[in-house]
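Trainee: One structure coming up, written as structure tokens, with questions to follow.
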Amino acid sequence: QLDRAAAQVGDWDIAHRGLAHHGLIGLAAPALLRTGVLPVATCTALKAEHGAHVIGAMHRSRELVRIARALDVAGIRHMFIKGIALSIQLYGDPVARGGRDIDLLVEHARTRDAEAILRDLGYVPPIHASPGRPDEDTPPKESGWVHGESRILVEVHDRAAAEAVHEVV
């Protein structure tokens, strides 16, 4: 069925842009590359993008483990959502789905502690982020953190985290 459908694609440039836009390179590229019907330019581009996608997913996976270990040591209940975690749940493969960041759900009461751990791991708020007020008792619903060297983005979410994490743990 995929071979027949791929053979009917009229404009591979549009199809390729759609796959990239919707984060489907990891899932679709391996199957499409096996069909043998892609134009050479599309095939070359998909191979390159899939390779970069795999490398990025592996870097984020390694970072996810590093963050999880630090949070575990601190006793902060957490779970990873969307992205790599969802890809593993749905496909058993961290590379199958797209994802450009790591989404981390932490228990609300320990959000500031989790942010301190991210700082210790080399993360800083993005340059364009609104200035935070660390003295505030209530942290924002989510906060973004970029690693100083790898440029990996971690989004810390804390709403309803205590209940959701409690049910999982």
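Every chain in the structure tokens takes a letter, A first, then B, and so on in the order presented; its residues are numbered from 1, and the ligands are numbered from 1 following the presented order.
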Considering only C-alpha atoms, return as a list of chain:residue names whatever protein or nucleic-acid residues lie within 7 Å of region 44-50 of chain A, sequence-local ones (same chain, fewer than 5 positions apart) excluded.
Mentor: A:Ile25, A:Gly26, A:Ala29
Trainee: Could you save the residues just selected, with N, CA and C atoms, as a short mmCIF file (atom, residue, chain, number, x, y, z; two decimals), in the first residue's frame?
Mentor:
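New file result-v8.cif:
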```cif
data_model
loop_
_atom_site.label_atom_id
_atom_site.label_comp_id
_atom_site.auth_asym_id
_atom_site.auth_seq_id
_atom_site.Cartn_x
_atom_site.Cartn_y
_atom_site.Cartn_z
N ILE A 25 9.67 12.77 10.15
CA ILE A 25 10.85 12.25 9.46
C ILE A 25 11.29 10.92 10.08
N GLY A 26 11.34 10.84 11.39
CA GLY A 26 11.79 9.62 12.05
C GLY A 26 10.90 8.43 11.78
N ALA A 29 10.53 8.39 7.11
CA ALA A 29 11.69 8.28 6.22
C ALA A 29 12.16 6.84 6.00
#
```
Trainee: With only C-alpha atoms as the counted atoms, please give the residues lying no more than 12 Å from Arg66 (chain A), apart from itself and same-chain residues fewer than 6 positions off, as a ChimeraX atom specification.
Mentor: /A:59-60,72-73,102,117-118,120-122
Trainee: When you look at Thr42 (chain A) with a cut-off of 8 Å (counting only C-alpha atoms), what residues show up, excluding the ones that are within fewer than 5 positions of it in the same chain? I need them as a list in words.
Mentor: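 Counting only the stated atoms, we get Trp12, Asp13 and His16 of chain A.
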Trainee: Since we have the selection now, will you write its residues out, keeping N, CA and C atoms, as a PDB file, in the first residue's frame?
Mentor:
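Result file again.pdb:
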```pdb
ATOM      1  N   TRP A  12       6.925  15.715  -4.574  1.00  0.00           N
ATOM      2  CA  TRP A  12       7.651  15.216  -3.407  1.00  0.00           C
ATOM      3  C   TRP A  12       8.205  16.331  -2.535  1.00  0.00           C
ATOM      4  N   ASP A  13       8.411  17.494  -3.121  1.00  0.00           N
ATOM      5  CA  ASP A  13       8.897  18.620  -2.322  1.00  0.00           C
ATOM      6  C   ASP A  13       7.851  19.010  -1.269  1.00  0.00           C
ATOM      7  N   HIS A  16       7.627  16.180   1.320  1.00  0.00           N
ATOM      8  CA  HIS A  16       8.807  16.233   2.182  1.00  0.00           C
ATOM      9  C   HIS A  16       8.686  17.346   3.218  1.00  0.00           C
TER      10      HIS A  16
END
```
Trainee: Pick out the closest residue to Asp3 (chain A) from this set: A:Gly99, A:Gly36, A:Gly92, A:Gly144. Count only C-alpha atoms.
Mentor: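 Ranking A:Gly99, A:Gly36, A:Gly92, A:Gly144 by distance to Asp3 (chain A), first place goes to A:Gly36.
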Trainee: Neighbouring residues of Lys82 (chain A) were defined as those with any atom within 12 Å, considering only C-alpha atoms; residues of the same chain fewer than 6 positions away were excluded. Please report them as a list of chain:residue names.
Mentor: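 Those residues are A:Ile88, A:Gln89, A:Leu90, A:Pro94, A:Arg97, A:Gly98, A:Gly99, A:Arg100, A:Asp101, A:Ile102, A:Asp103, A:Leu104, A:Leu105, A:Val154, A:Glu155, A:His157.
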Trainee: Save out the residues we just selected, N, CA and C atoms, as a PDB file, in the first residue's frame.
Mentor:
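Output contents, as saved in part-v4.pdb:
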```
ATOM      1  N   ILE A  88       8.540   6.251  22.606  1.00  0.00           N
ATOM      2  CA  ILE A  88       8.832   4.941  23.186  1.00  0.00           C
ATOM      3  C   ILE A  88       7.529   4.218  23.524  1.00  0.00           C
ATOM      4  N   GLN A  89       6.577   4.936  24.098  1.00  0.00           N
ATOM      5  CA  GLN A  89       5.296   4.316  24.456  1.00  0.00           C
ATOM      6  C   GLN A  89       4.536   3.831  23.225  1.00  0.00           C
ATOM      7  N   LEU A  90       4.511   4.630  22.171  1.00  0.00           N
ATOM      8  CA  LEU A  90       3.733   4.278  20.988  1.00  0.00           C
ATOM      9  C   LEU A  90       4.427   3.265  20.082  1.00  0.00           C
ATOM     10  N   PRO A  94      12.712   5.449  20.524  1.00  0.00           N
ATOM     11  CA  PRO A  94      12.824   6.883  20.824  1.00  0.00           C
ATOM     12  C   PRO A  94      12.994   7.755  19.587  1.00  0.00           C
ATOM     13  N   ARG A  97       9.269   9.166  16.497  1.00  0.00           N
ATOM     14  CA  ARG A  97       8.533  10.427  16.423  1.00  0.00           C
ATOM     15  C   ARG A  97       9.487  11.600  16.528  1.00  0.00           C
ATOM     16  N   GLY A  98       9.012  12.725  16.046  1.00  0.00           N
ATOM     17  CA  GLY A  98       9.804  13.944  16.146  1.00  0.00           C
ATOM     18  C   GLY A  98       9.744  14.497  17.551  1.00  0.00           C
ATOM     19  N   GLY A  99      10.493  15.472  17.779  1.00  0.00           N
ATOM     20  CA  GLY A  99      10.534  16.158  19.060  1.00  0.00           C
ATOM     21  C   GLY A  99      11.782  17.002  19.073  1.00  0.00           C
ATOM     22  N   ARG A 100      11.606  18.228  19.425  1.00  0.00           N
ATOM     23  CA  ARG A 100      12.755  19.132  19.397  1.00  0.00           C
ATOM     24  C   ARG A 100      13.218  19.500  20.798  1.00  0.00           C
ATOM     25  N   ASP A 101      12.466  19.023  21.791  1.00  0.00           N
ATOM     26  CA  ASP A 101      12.801  19.379  23.164  1.00  0.00           C
ATOM     27  C   ASP A 101      12.496  18.211  24.077  1.00  0.00           C
ATOM     28  N   ILE A 102      12.697  18.430  25.360  1.00  0.00           N
ATOM     29  CA  ILE A 102      12.351  17.450  26.384  1.00  0.00           C
ATOM     30  C   ILE A 102      11.293  18.100  27.257  1.00  0.00           C
ATOM     31  N   ASP A 103      10.150  17.454  27.372  1.00  0.00           N
ATOM     32  CA  ASP A 103       9.072  17.973  28.221  1.00  0.00           C
ATOM     33  C   ASP A 103       9.062  17.183  29.515  1.00  0.00           C
ATOM     34  N   LEU A 104       9.201  17.910  30.600  1.00  0.00           N
ATOM     35  CA  LEU A 104       9.344  17.317  31.922  1.00  0.00           C
ATOM     36  C   LEU A 104       8.218  17.810  32.825  1.00  0.00           C
ATOM     37  N   LEU A 105       7.495  16.867  33.407  1.00  0.00           N
ATOM     38  CA  LEU A 105       6.420  17.188  34.338  1.00  0.00           C
ATOM     39  C   LEU A 105       6.932  16.885  35.743  1.00  0.00           C
ATOM     40  N   VAL A 154      14.707  22.116  27.489  1.00  0.00           N
ATOM     41  CA  VAL A 154      13.867  21.364  28.418  1.00  0.00           C
ATOM     42  C   VAL A 154      12.754  22.292  28.865  1.00  0.00           C
ATOM     43  N   GLU A 155      11.520  21.823  28.741  1.00  0.00           N
ATOM     44  CA  GLU A 155      10.378  22.579  29.250  1.00  0.00           C
ATOM     45  C   GLU A 155       9.899  21.889  30.519  1.00  0.00           C
ATOM     46  N   HIS A 157       7.104  21.533  33.215  1.00  0.00           N
ATOM     47  CA  HIS A 157       5.676  21.755  33.438  1.00  0.00           C
ATOM     48  C   HIS A 157       5.369  21.315  34.868  1.00  0.00           C
TER      49      HIS A 157
END
```
Trainee: List every residue of region 13-122 of chain A that DSSP, applied to the backbone of this structure, places in alpha helix (DSSP H), and write the result as a PyMOL selection string.
Mentor: chain A and resi 13-21+25-35+40-74+83-91+111-120
